[in-house]
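Reviewing the structure listed below.
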Amino acid sequence: MALKWMVFCVLAAASAVEDPDNRKFGLPTWITGGVDERCYDELGCLQVTPSWYHALYRQWNYWPLPRILINVKFRLFTRKNPTLVQLMKWKEPATIAESNFDSARPTKFIVHGFIDTYNNKWVKSMTQKLLDIADHNVVVVDWSGGCLPPYVQATANTRLVGLELAYFINYLKNNTGLNPGDVHIIGHSLGSHIAGYAGERVTGLGRITALDPAGPYFHNMPSYVRLDPTDAQFVDAIHTDVAANVMMGYGMDDPVGHIDFYPNNGKNQPGCEALERPLALVDIVMTEGFEEAGRVMVSCNHNRAITLFLESLNGTCPYIGIRCPNYNDFKEGLCFDCGANGEDCQEMGINAQPTGLPPGEKYYLLTNKQTPYCLHHMKATVKLGSPSGGPQSVKGTLTMTLKSADGKALTTQFSKDEKFNHGETKTVLLSSPDDIGNPVAAEILWTAKTGQVLNLKNLEVDKVALDGEGNVLTRAKKAVSKNTFCPASSEGSVIAPNKKTEYVSSASCSL
Ligand SMILES: *[C@@H]1O[C@H](CO)[C@@H](O)[C@H](O)[C@H]1NC(C)=O
Ligand SMILES: *[C@@H]1O[C@H](CO)[C@@H](O)[C@H](O)[C@H]1NC(C)=O
């Protein structure tokens, strides 16, 4: 995409800019193994050691821009002032004492990313929704003075912004009785790593949520260079634009938290490909305005993490991520089991919780291409029959309609023009924005692929098994519900093309 390439060119060009005062060359430090340090009055010091460099992943380490230029501001919103900002300045204690800040409430910090501002639509929307769901202090961290290109400079600035944020939280702890355990920092992109640098210097920080943590310059680096699970009591992350370099995406593949979610494998988000359609941007400008069109064009995938998190704040459908070693296994339904205590099925977004498992596990889920983004998952298995002397395999499209006891029906495509080998068992992951609950029957519609020899058109299905996410809507029990269905009619398991065949549960029917 043109604009994405332009952004990349700005980054590449930055490497050629000469700025001896503000720049550390990679090579000399590699050789000498020296330590460079800069101190920032009450905030403390930053060090650059050889381990901050990597020949492939982090060739440059600049020093941050001066504090006065980055000019970090803390913008407070509460239910008493949901839209009118109160600036909190620790150098002017009255601005804090006379504000609506109350240390007895939980406090949410929102930290924006690269080339972004405190004043945009998503920050406003997140502020409002956080105030809607509970009586929070919401503090928007404005570092717009430090988030501009070149990217390498912005990356360096995040370290200083992290110091400012840590100092501010520690100040509130010392002077207002704020408990750092009640503090939750939500950061997008570079803002995720700012949260990490802050958490490193705040003892007992409650939670960090990373929304597509930035990848370039952090990917494959030691944990103290990037956000990691030691930065807060609970660190959760949503990855939506993972790639190894900035040409491919802005996000980061490496797990950074106690729990890491990868919607749609963490990349190529559904609906983002629509931007390649001519006039798609005109649509967005018409419906969402120029700002949104610009954001989406620069990176629809990178911003999707924000959209998903926003929906988790007031959505009705829980985003359930399923722990799996990789996305392919997840898609084939091989990981569809929530574990003995539900630890393998976890809710993504504001309701994410610690699992008790060691950090580094990946949780996968599918999401929709438009609002509502949240989907319910179901694993469907068909046990194919073995026709005597009949065709061994047949190609076609299988559509499955699941029916609930209260008359709801949900139709999903099980396969499209796929080969079915008789005698085998075939499993797929189904997803739907609607919750069918616990289905009581499944109806199969079979369409044979055209161009096959006439007698190869029937499909034989002996049994259908369905595993649902279970009673997750209550957000309490995370068990999988299991059902097995057998042919309802005495005609048996042979399904002719374009004929609907019903499968129901019975005492003798099990997989
Ligand atoms: C908070 O108090 C501790 C302990 O007295 C002190 O070491 C620290 O510098 C203080 N921090 C701030 C930001 O006031
Ligand atoms: C959540 O809030 C947004 C407005 O902020 C609204 O458009 C949306 O319909 C709400 N969703 C639900 C499920 O209530």
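By order of appearance in the structure tokens: chains A, B, ..., then residues from 1 within every chain, and ligands from 1 in the order shown.
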
Compile a residue-level contact table for chain A against ligand 1 at a cut-off of 10 Å, reporting for every qualifying residue the shortest atom pair and its distance in Å to one decimal, with only C-alpha atoms and all ligand atoms counted, rows ordered by chain and ascending number, as a Markdown table.
```
| residue | atom | partner | partner_atom_place_in_ligand_line | distance |
| --- | --- | --- | --- | --- |
| A:Glu42 | CA | ligand 1 | 13 (C) | 7.8 |
| A:Leu43 | CA | ligand 1 | 13 (C) | 7.9 |
| A:Gly44 | CA | ligand 1 | 9 (O) | 9.7 |
| A:Trp90 | CA | ligand 1 | 13 (C) | 8.9 |
| A:Glu164 | CA | ligand 1 | 13 (C) | 9.6 |
| A:Leu165 | CA | ligand 1 | 13 (C) | 9.9 |
| A:Ala166 | CA | ligand 1 | 13 (C) | 7.9 |
| A:Tyr167 | CA | ligand 1 | 13 (C) | 4.7 |
| A:Phe168 | CA | ligand 1 | 13 (C) | 6.3 |
| A:Ile169 | CA | ligand 1 | 13 (C) | 7.3 |
| A:Asn170 | CA | ligand 1 | 13 (C) | 4.5 |
| A:Tyr171 | CA | ligand 1 | 13 (C) | 3.8 |
| A:Leu172 | CA | ligand 1 | 13 (C) | 7.5 |
| A:Lys173 | CA | ligand 1 | 1 (C) | 7.1 |
| A:Asn174 | CA | ligand 1 | 1 (C) | 4.9 |
| A:Asn175 | CA | ligand 1 | 14 (O) | 7.3 |
| A:Val202 | CA | ligand 1 | 11 (N) | 9.7 |
```

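A distance cut-off of 9 Å from ligand 2, applied to only C-alpha atoms and all ligand atoms, picks out the residues A:Ser125, A:Met126, A:Gln128, A:Lys129, A:Leu310, A:Glu311, A:Ser312, A:Leu313, A:Asn314, A:Gly315, A:Thr316, A:Cys317, A:Thr371, A:Pro372.
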
Take the selection from the previous step and output its residues with N, CA and C atoms, as a JSON list (two decimals), in the first residue's frame.
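Listed below is the output, again_13.json:
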```json
[["chain", "number", "residue", "atom", "x", "y", "z"],
["A", 125, "SER", "N", -13.09, 7.53, 22.59],
["A", 125, "SER", "CA", -14.06, 6.45, 22.74],
["A", 125, "SER", "C", -13.66, 5.53, 23.90],
["A", 126, "MET", "N", -12.39, 5.23, 24.03],
["A", 126, "MET", "CA", -11.95, 4.36, 25.13],
["A", 126, "MET", "C", -12.16, 5.05, 26.47],
["A", 128, "GLN", "N", -14.47, 7.27, 27.22],
["A", 128, "GLN", "CA", -15.91, 7.25, 27.54],
["A", 128, "GLN", "C", -16.36, 5.87, 28.00],
["A", 129, "LYS", "N", -15.91, 4.85, 27.29],
["A", 129, "LYS", "CA", -16.35, 3.50, 27.64],
["A", 129, "LYS", "C", -15.79, 3.07, 29.00],
["A", 310, "LEU", "N", -11.86, -2.15, 22.30],
["A", 310, "LEU", "CA", -13.01, -1.26, 22.52],
["A", 310, "LEU", "C", -14.31, -2.06, 22.59],
["A", 311, "GLU", "N", -14.44, -3.03, 21.69],
["A", 311, "GLU", "CA", -15.67, -3.82, 21.69],
["A", 311, "GLU", "C", -15.78, -4.66, 22.97],
["A", 312, "SER", "N", -14.64, -5.09, 23.50],
["A", 312, "SER", "CA", -14.70, -5.90, 24.73],
["A", 312, "SER", "C", -15.23, -5.08, 25.91],
["A", 313, "LEU", "N", -15.17, -3.75, 25.81],
["A", 313, "LEU", "CA", -15.61, -2.91, 26.92],
["A", 313, "LEU", "C", -17.13, -2.90, 27.07],
["A", 314, "ASN", "N", -17.85, -3.00, 25.97],
["A", 314, "ASN", "CA", -19.32, -3.02, 26.10],
["A", 314, "ASN", "C", -19.99, -4.05, 25.21],
["A", 315, "GLY", "N", -19.21, -4.98, 24.65],
["A", 315, "GLY", "CA", -19.81, -6.01, 23.81],
["A", 315, "GLY", "C", -20.55, -7.04, 24.64],
["A", 316, "THR", "N", -21.41, -7.79, 24.00],
["A", 316, "THR", "CA", -22.16, -8.80, 24.74],
["A", 316, "THR", "C", -21.57, -10.20, 24.54],
["A", 317, "CYS", "N", -20.71, -10.33, 23.55],
["A", 317, "CYS", "CA", -20.15, -11.65, 23.24],
["A", 317, "CYS", "C", -18.72, -11.69, 23.76],
["A", 371, "THR", "N", -18.20, -4.93, 12.80],
["A", 371, "THR", "CA", -18.82, -5.00, 14.10],
["A", 371, "THR", "C", -20.15, -5.75, 14.03],
["A", 372, "PRO", "N", -20.53, -6.62, 14.98],
["A", 372, "PRO", "CA", -19.70, -7.05, 16.10],
["A", 372, "PRO", "C", -18.57, -7.98, 15.65]]
```

Report as a Markdown table: every residue of stretch 293-395 of chain A with an atom at most 7 Å from stretch 429-445 of chain A, its closest pair of atoms, and their distance in Å to one decimal, counting only C-alpha atoms, with rows sorted by chain and ascending residue number.
```
| residue | atom | partner | partner_atom | distance |
| --- | --- | --- | --- | --- |
| A:Lys331 | CA | A:Leu429 | CA | 5.6 |
| A:Glu332 | CA | A:Leu429 | CA | 6.0 |
| A:Gly333 | CA | A:Leu429 | CA | 5.2 |
| A:Cys374 | CA | A:Pro433 | CA | 6.3 |
| A:Leu375 | CA | A:Pro433 | CA | 4.5 |
| A:His376 | CA | A:Ser432 | CA | 5.2 |
| A:His377 | CA | A:Ser431 | CA | 4.5 |
| A:Met378 | CA | A:Leu430 | CA | 5.0 |
| A:Lys379 | CA | A:Leu429 | CA | 4.6 |
| A:Ala380 | CA | A:Leu429 | CA | 6.3 |
```

Write the residues you've just listed into a file as a CSV table (one decimal), in the first residue's frame, and include N, CA and C atoms for each of them.
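Listing of selection.csv after writing:
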```csv
chain,number,residue,atom,x,y,z
A,331,LYS,N,-7.1,-24.0,13.8
A,331,LYS,CA,-8.1,-24.0,12.7
A,331,LYS,C,-8.7,-25.4,12.5
A,332,GLU,N,-7.9,-26.4,12.7
A,332,GLU,CA,-8.4,-27.8,12.5
A,332,GLU,C,-9.1,-28.3,13.7
A,333,GLY,N,-9.3,-27.5,14.7
A,333,GLY,CA,-10.0,-27.9,15.9
A,333,GLY,C,-9.2,-28.8,16.8
A,374,CYS,N,-16.7,-9.9,17.6
A,374,CYS,CA,-16.6,-11.1,18.4
A,374,CYS,C,-17.4,-12.3,17.7
A,375,LEU,N,-16.8,-13.4,17.7
A,375,LEU,CA,-17.4,-14.6,17.1
A,375,LEU,C,-17.4,-15.7,18.2
A,376,HIS,N,-18.5,-16.6,18.1
A,376,HIS,CA,-18.5,-17.8,18.9
A,376,HIS,C,-17.9,-18.9,18.1
A,377,HIS,N,-17.1,-19.7,18.8
A,377,HIS,CA,-16.4,-20.9,18.1
A,377,HIS,C,-17.1,-22.2,18.4
A,378,MET,N,-17.1,-23.0,17.4
A,378,MET,CA,-17.6,-24.4,17.6
A,378,MET,C,-16.8,-25.3,16.8
A,379,LYS,N,-16.5,-26.5,17.4
A,379,LYS,CA,-15.8,-27.5,16.6
A,379,LYS,C,-16.8,-28.5,16.1
A,380,ALA,N,-16.8,-28.8,14.8
A,380,ALA,CA,-17.7,-29.7,14.2
A,380,ALA,C,-16.9,-30.9,13.6
```

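Nearest to A:Thr401 of all the residues A:Thr367, A:Asn120, A:Thr501, A:Asn421 is A:Thr501, based on only C-alpha atoms.
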
Any idea what the distance is between atom CA of A:Asn264 and atom CA of A:Tyr327? 8.1 Å

Contacts of stretch 80-180 of chain A with stretch 204-224 of chain A up to 12 Å, shortest pair per row, only C-alpha atoms, as a Markdown table:
```
| residue | atom | partner | partner_atom | distance |
| --- | --- | --- | --- | --- |
| A:Pro106 | CA | A:Gly206 | CA | 9.9 |
| A:Thr107 | CA | A:Gly206 | CA | 9.8 |
| A:Lys108 | CA | A:Arg207 | CA | 9.4 |
| A:Phe109 | CA | A:Ile208 | CA | 9.3 |
| A:Ile110 | CA | A:Thr209 | CA | 9.6 |
| A:Val111 | CA | A:Ala210 | CA | 9.8 |
| A:His112 | CA | A:Leu211 | CA | 9.8 |
| A:Gly113 | CA | A:Ala214 | CA | 8.5 |
| A:Phe114 | CA | A:Ala214 | CA | 9.0 |
| A:Tyr151 | CA | A:Pro216 | CA | 9.1 |
| A:Val152 | CA | A:Tyr217 | CA | 8.0 |
| A:Gln153 | CA | A:Tyr217 | CA | 11.1 |
| A:Ala154 | CA | A:Tyr217 | CA | 10.8 |
| A:Thr155 | CA | A:Tyr217 | CA | 7.6 |
| A:Ala156 | CA | A:Tyr217 | CA | 9.9 |
| A:Thr158 | CA | A:Ala214 | CA | 11.3 |
| A:Arg159 | CA | A:Tyr224 | CA | 11.0 |
| A:Leu165 | CA | A:Leu205 | CA | 11.8 |
| A:Ala166 | CA | A:Leu205 | CA | 9.7 |
| A:Ile169 | CA | A:Leu205 | CA | 9.1 |
| A:Asn170 | CA | A:Leu205 | CA | 10.0 |
| A:Lys173 | CA | A:Leu205 | CA | 10.9 |
| A:Leu178 | CA | A:Leu205 | CA | 10.9 |
| A:Asn179 | CA | A:Leu205 | CA | 8.4 |
| A:Pro180 | CA | A:Leu205 | CA | 4.8 |
```

At a cut-off of 12 Å, can you tabulate as a Markdown table every residue of stretch 141-209 of chain A near stretch 131-136 of chain A together with its closest atom pair and the distance in Å to one decimal, using only C-alpha atoms and ordering rows by chain then number?
```
| residue | atom | partner | partner_atom | distance |
| --- | --- | --- | --- | --- |
| A:Asp182 | CA | A:His136 | CA | 10.1 |
| A:Val183 | CA | A:His136 | CA | 10.1 |
| A:His184 | CA | A:His136 | CA | 10.5 |
```

Write the selection just made, keeping C-alpha atoms, as a tab-separated table (two decimals), in the first residue's frame?
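Full text of part-v2.tsv as output:
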```tsv
chain	number	residue	atom	x	y	z
A	182	ASP	CA	-5.05	-0.48	41.16
A	183	VAL	CA	-3.30	0.99	38.12
A	184	HIS	CA	-3.87	-0.43	34.64
```

All strand (DSSP E or B) positions in stretch 341-432 of chain A, as a PDB file with N, CA and C atoms, in the first residue's frame:
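The resulting file, result29.pdb, is shown below:
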```pdb
ATOM      1  N   CYS A 345      -9.137 -21.866  27.750  1.00  0.00           N
ATOM      2  CA  CYS A 345     -10.085 -20.978  27.073  1.00  0.00           C
ATOM      3  C   CYS A 345     -10.111 -19.685  27.867  1.00  0.00           C
ATOM      4  N   GLN A 346      -9.624 -18.618  27.275  1.00  0.00           N
ATOM      5  CA  GLN A 346      -9.484 -17.377  28.035  1.00  0.00           C
ATOM      6  C   GLN A 346     -10.122 -16.228  27.289  1.00  0.00           C
ATOM      7  N   GLU A 347     -10.673 -15.310  28.062  1.00  0.00           N
ATOM      8  CA  GLU A 347     -11.350 -14.166  27.471  1.00  0.00           C
ATOM      9  C   GLU A 347     -10.336 -13.071  27.138  1.00  0.00           C
ATOM     10  N   LYS A 362       0.332 -19.020  23.601  1.00  0.00           N
ATOM     11  CA  LYS A 362      -0.436 -18.266  22.617  1.00  0.00           C
ATOM     12  C   LYS A 362      -1.893 -18.726  22.606  1.00  0.00           C
ATOM     13  N   TYR A 363      -2.795 -17.749  22.595  1.00  0.00           N
ATOM     14  CA  TYR A 363      -4.232 -18.042  22.530  1.00  0.00           C
ATOM     15  C   TYR A 363      -4.766 -17.509  21.200  1.00  0.00           C
ATOM     16  N   TYR A 364      -5.439 -18.387  20.461  1.00  0.00           N
ATOM     17  CA  TYR A 364      -5.938 -18.024  19.126  1.00  0.00           C
ATOM     18  C   TYR A 364      -7.452 -17.881  19.144  1.00  0.00           C
ATOM     19  N   LEU A 365      -7.965 -17.023  18.270  1.00  0.00           N
ATOM     20  CA  LEU A 365      -9.405 -16.912  18.082  1.00  0.00           C
ATOM     21  C   LEU A 365      -9.671 -16.329  16.695  1.00  0.00           C
ATOM     22  N   THR A 367     -12.081 -13.652  14.503  1.00  0.00           N
ATOM     23  CA  THR A 367     -12.973 -12.514  14.682  1.00  0.00           C
ATOM     24  C   THR A 367     -13.594 -12.156  13.340  1.00  0.00           C
ATOM     25  N   CYS A 374     -16.722  -9.901  17.575  1.00  0.00           N
ATOM     26  CA  CYS A 374     -16.591 -11.130  18.362  1.00  0.00           C
ATOM     27  C   CYS A 374     -17.372 -12.279  17.718  1.00  0.00           C
ATOM     28  N   HIS A 376     -18.464 -16.589  18.095  1.00  0.00           N
ATOM     29  CA  HIS A 376     -18.510 -17.801  18.911  1.00  0.00           C
ATOM     30  C   HIS A 376     -17.865 -18.929  18.112  1.00  0.00           C
ATOM     31  N   HIS A 377     -17.097 -19.742  18.782  1.00  0.00           N
ATOM     32  CA  HIS A 377     -16.432 -20.858  18.105  1.00  0.00           C
ATOM     33  C   HIS A 377     -17.130 -22.163  18.414  1.00  0.00           C
ATOM     34  N   MET A 378     -17.063 -23.049  17.442  1.00  0.00           N
ATOM     35  CA  MET A 378     -17.607 -24.378  17.629  1.00  0.00           C
ATOM     36  C   MET A 378     -16.757 -25.339  16.814  1.00  0.00           C
ATOM     37  N   LYS A 379     -16.542 -26.507  17.353  1.00  0.00           N
ATOM     38  CA  LYS A 379     -15.790 -27.501  16.586  1.00  0.00           C
ATOM     39  C   LYS A 379     -16.783 -28.536  16.068  1.00  0.00           C
ATOM     40  N   ALA A 380     -16.757 -28.764  14.763  1.00  0.00           N
ATOM     41  CA  ALA A 380     -17.673 -29.741  14.172  1.00  0.00           C
ATOM     42  C   ALA A 380     -16.873 -30.896  13.584  1.00  0.00           C
ATOM     43  N   THR A 381     -17.325 -32.093  13.861  1.00  0.00           N
ATOM     44  CA  THR A 381     -16.668 -33.288  13.345  1.00  0.00           C
ATOM     45  C   THR A 381     -17.701 -34.098  12.582  1.00  0.00           C
ATOM     46  N   VAL A 382     -17.378 -34.532  11.371  1.00  0.00           N
ATOM     47  CA  VAL A 382     -18.274 -35.480  10.697  1.00  0.00           C
ATOM     48  C   VAL A 382     -17.522 -36.800  10.526  1.00  0.00           C
ATOM     49  N   LYS A 383     -18.209 -37.870  10.936  1.00  0.00           N
ATOM     50  CA  LYS A 383     -17.637 -39.198  10.746  1.00  0.00           C
ATOM     51  C   LYS A 383     -18.265 -39.762   9.479  1.00  0.00           C
ATOM     52  N   LEU A 384     -17.441 -39.910   8.455  1.00  0.00           N
ATOM     53  CA  LEU A 384     -17.965 -40.334   7.159  1.00  0.00           C
ATOM     54  C   LEU A 384     -18.181 -41.840   7.131  1.00  0.00           C
ATOM     55  N   SER A 393     -14.103 -41.410  -2.468  1.00  0.00           N
ATOM     56  CA  SER A 393     -14.057 -39.986  -2.114  1.00  0.00           C
ATOM     57  C   SER A 393     -14.983 -39.195  -3.036  1.00  0.00           C
ATOM     58  N   VAL A 394     -15.416 -38.063  -2.525  1.00  0.00           N
ATOM     59  CA  VAL A 394     -16.354 -37.245  -3.276  1.00  0.00           C
ATOM     60  C   VAL A 394     -16.057 -35.780  -2.941  1.00  0.00           C
ATOM     61  N   LYS A 395     -16.229 -34.911  -3.944  1.00  0.00           N
ATOM     62  CA  LYS A 395     -15.910 -33.497  -3.734  1.00  0.00           C
ATOM     63  C   LYS A 395     -17.174 -32.656  -3.688  1.00  0.00           C
ATOM     64  N   GLY A 396     -17.196 -31.674  -2.788  1.00  0.00           N
ATOM     65  CA  GLY A 396     -18.357 -30.798  -2.778  1.00  0.00           C
ATOM     66  C   GLY A 396     -18.345 -29.845  -1.604  1.00  0.00           C
ATOM     67  N   THR A 397     -19.505 -29.227  -1.397  1.00  0.00           N
ATOM     68  CA  THR A 397     -19.653 -28.217  -0.353  1.00  0.00           C
ATOM     69  C   THR A 397     -20.657 -28.700   0.671  1.00  0.00           C
ATOM     70  N   LEU A 398     -20.247 -28.662   1.948  1.00  0.00           N
ATOM     71  CA  LEU A 398     -21.131 -29.120   3.012  1.00  0.00           C
ATOM     72  C   LEU A 398     -21.536 -27.921   3.861  1.00  0.00           C
ATOM     73  N   THR A 399     -22.833 -27.703   3.950  1.00  0.00           N
ATOM     74  CA  THR A 399     -23.346 -26.615   4.781  1.00  0.00           C
ATOM     75  C   THR A 399     -24.087 -27.230   5.954  1.00  0.00           C
ATOM     76  N   MET A 400     -23.828 -26.703   7.133  1.00  0.00           N
ATOM     77  CA  MET A 400     -24.417 -27.291   8.329  1.00  0.00           C
ATOM     78  C   MET A 400     -25.288 -26.261   9.023  1.00  0.00           C
ATOM     79  N   THR A 401     -26.518 -26.666   9.343  1.00  0.00           N
ATOM     80  CA  THR A 401     -27.394 -25.778  10.102  1.00  0.00           C
ATOM     81  C   THR A 401     -27.580 -26.368  11.492  1.00  0.00           C
ATOM     82  N   LEU A 402     -27.201 -25.610  12.504  1.00  0.00           N
ATOM     83  CA  LEU A 402     -27.317 -26.081  13.883  1.00  0.00           C
ATOM     84  C   LEU A 402     -28.602 -25.518  14.462  1.00  0.00           C
ATOM     85  N   LYS A 403     -29.327 -26.391  15.183  1.00  0.00           N
ATOM     86  CA  LYS A 403     -30.619 -25.949  15.722  1.00  0.00           C
ATOM     87  C   LYS A 403     -30.615 -26.050  17.239  1.00  0.00           C
ATOM     88  N   SER A 404     -31.146 -25.016  17.869  1.00  0.00           N
ATOM     89  CA  SER A 404     -31.198 -25.040  19.334  1.00  0.00           C
ATOM     90  C   SER A 404     -32.580 -25.458  19.793  1.00  0.00           C
ATOM     91  N   ALA A 409     -31.679 -21.140  14.737  1.00  0.00           N
ATOM     92  CA  ALA A 409     -30.922 -21.922  13.765  1.00  0.00           C
ATOM     93  C   ALA A 409     -29.727 -21.109  13.308  1.00  0.00           C
ATOM     94  N   LEU A 410     -28.632 -21.803  13.073  1.00  0.00           N
ATOM     95  CA  LEU A 410     -27.402 -21.131  12.674  1.00  0.00           C
ATOM     96  C   LEU A 410     -26.790 -21.921  11.535  1.00  0.00           C
ATOM     97  N   THR A 411     -26.652 -21.274  10.370  1.00  0.00           N
ATOM     98  CA  THR A 411     -26.128 -21.988   9.204  1.00  0.00           C
ATOM     99  C   THR A 411     -24.690 -21.577   8.951  1.00  0.00           C
ATOM    100  N   THR A 412     -23.801 -22.537   8.862  1.00  0.00           N
ATOM    101  CA  THR A 412     -22.394 -22.233   8.579  1.00  0.00           C
ATOM    102  C   THR A 412     -21.872 -23.200   7.528  1.00  0.00           C
ATOM    103  N   GLN A 413     -20.890 -22.729   6.805  1.00  0.00           N
ATOM    104  CA  GLN A 413     -20.302 -23.572   5.779  1.00  0.00           C
ATOM    105  C   GLN A 413     -19.184 -24.417   6.401  1.00  0.00           C
ATOM    106  N   PHE A 414     -19.300 -25.699   6.282  1.00  0.00           N
ATOM    107  CA  PHE A 414     -18.309 -26.615   6.843  1.00  0.00           C
ATOM    108  C   PHE A 414     -17.123 -26.746   5.898  1.00  0.00           C
ATOM    109  N   SER A 415     -17.423 -26.773   4.601  1.00  0.00           N
ATOM    110  CA  SER A 415     -16.352 -26.915   3.616  1.00  0.00           C
ATOM    111  C   SER A 415     -16.837 -26.317   2.313  1.00  0.00           C
ATOM    112  N   LYS A 416     -15.917 -25.954   1.459  1.00  0.00           N
ATOM    113  CA  LYS A 416     -16.294 -25.455   0.135  1.00  0.00           C
ATOM    114  C   LYS A 416     -15.487 -26.221  -0.903  1.00  0.00           C
ATOM    115  N   ASP A 417     -16.178 -26.904  -1.794  1.00  0.00           N
ATOM    116  CA  ASP A 417     -15.517 -27.676  -2.857  1.00  0.00           C
ATOM    117  C   ASP A 417     -14.338 -28.493  -2.331  1.00  0.00           C
ATOM    118  N   GLU A 418     -14.596 -29.219  -1.260  1.00  0.00           N
ATOM    119  CA  GLU A 418     -13.494 -29.974  -0.661  1.00  0.00           C
ATOM    120  C   GLU A 418     -13.678 -31.466  -0.886  1.00  0.00           C
ATOM    121  N   LYS A 419     -12.586 -32.176  -0.767  1.00  0.00           N
ATOM    122  CA  LYS A 419     -12.616 -33.622  -0.969  1.00  0.00           C
ATOM    123  C   LYS A 419     -12.957 -34.325   0.347  1.00  0.00           C
ATOM    124  N   PHE A 420     -13.922 -35.228   0.299  1.00  0.00           N
ATOM    125  CA  PHE A 420     -14.274 -36.027   1.474  1.00  0.00           C
ATOM    126  C   PHE A 420     -13.895 -37.477   1.184  1.00  0.00           C
ATOM    127  N   ASN A 421     -13.014 -38.041   1.994  1.00  0.00           N
ATOM    128  CA  ASN A 421     -12.642 -39.446   1.835  1.00  0.00           C
ATOM    129  C   ASN A 421     -13.523 -40.292   2.739  1.00  0.00           C
ATOM    130  N   THR A 425     -12.617 -39.253   9.334  1.00  0.00           N
ATOM    131  CA  THR A 425     -13.285 -38.284  10.191  1.00  0.00           C
ATOM    132  C   THR A 425     -12.729 -36.908   9.844  1.00  0.00           C
ATOM    133  N   LYS A 426     -13.623 -35.945   9.636  1.00  0.00           N
ATOM    134  CA  LYS A 426     -13.185 -34.617   9.221  1.00  0.00           C
ATOM    135  C   LYS A 426     -13.627 -33.593  10.265  1.00  0.00           C
ATOM    136  N   THR A 427     -12.681 -32.734  10.643  1.00  0.00           N
ATOM    137  CA  THR A 427     -12.969 -31.776  11.708  1.00  0.00           C
ATOM    138  C   THR A 427     -12.665 -30.354  11.242  1.00  0.00           C
ATOM    139  N   VAL A 428     -13.524 -29.415  11.559  1.00  0.00           N
ATOM    140  CA  VAL A 428     -13.215 -28.002  11.307  1.00  0.00           C
ATOM    141  C   VAL A 428     -13.706 -27.137  12.465  1.00  0.00           C
ATOM    142  N   LEU A 429     -13.170 -25.942  12.508  1.00  0.00           N
ATOM    143  CA  LEU A 429     -13.604 -24.963  13.488  1.00  0.00           C
ATOM    144  C   LEU A 429     -14.649 -24.084  12.813  1.00  0.00           C
ATOM    145  N   LEU A 430     -15.823 -23.994  13.406  1.00  0.00           N
ATOM    146  CA  LEU A 430     -16.862 -23.105  12.871  1.00  0.00           C
ATOM    147  C   LEU A 430     -16.914 -21.857  13.744  1.00  0.00           C
ATOM    148  N   SER A 431     -17.335 -20.753  13.147  1.00  0.00           N
ATOM    149  CA  SER A 431     -17.465 -19.547  13.963  1.00  0.00           C
ATOM    150  C   SER A 431     -18.672 -18.765  13.501  1.00  0.00           C
ATOM    151  N   SER A 432     -19.266 -18.044  14.425  1.00  0.00           N
ATOM    152  CA  SER A 432     -20.472 -17.286  14.097  1.00  0.00           C
ATOM    153  C   SER A 432     -20.672 -16.140  15.078  1.00  0.00           C
TER     154      SER A 432
END
```

Which residue out of A:Tyr118, A:Pro487, A:Pro359, A:Ile185 has the minimum interatomic distance to A:Asp260 when only C-alpha atoms are used? A:Pro359

Counting only C-alpha atoms, what are the residues of stretch 145-263 of chain A within 8 Å of stretch 67-78 of chain A, and for each of them which pair of atoms is the nearest and at what distance in Å, to one decimal? Sort the table by chain and rising number, as CSV.
```
residue,atom,partner,partner_atom,distance
A:Gly145,CA,A:Ile70,CA,4.2
A:Gly146,CA,A:Ile70,CA,4.6
A:Asn157,CA,A:Ile70,CA,7.7
A:Leu160,CA,A:Arg67,CA,7.7
A:Val161,CA,A:Val72,CA,6.8
A:Glu164,CA,A:Val72,CA,7.2
```

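Picture a line from atom CA of A:Val85 to atom CA of A:Asn100; it runs 10.2 Å.
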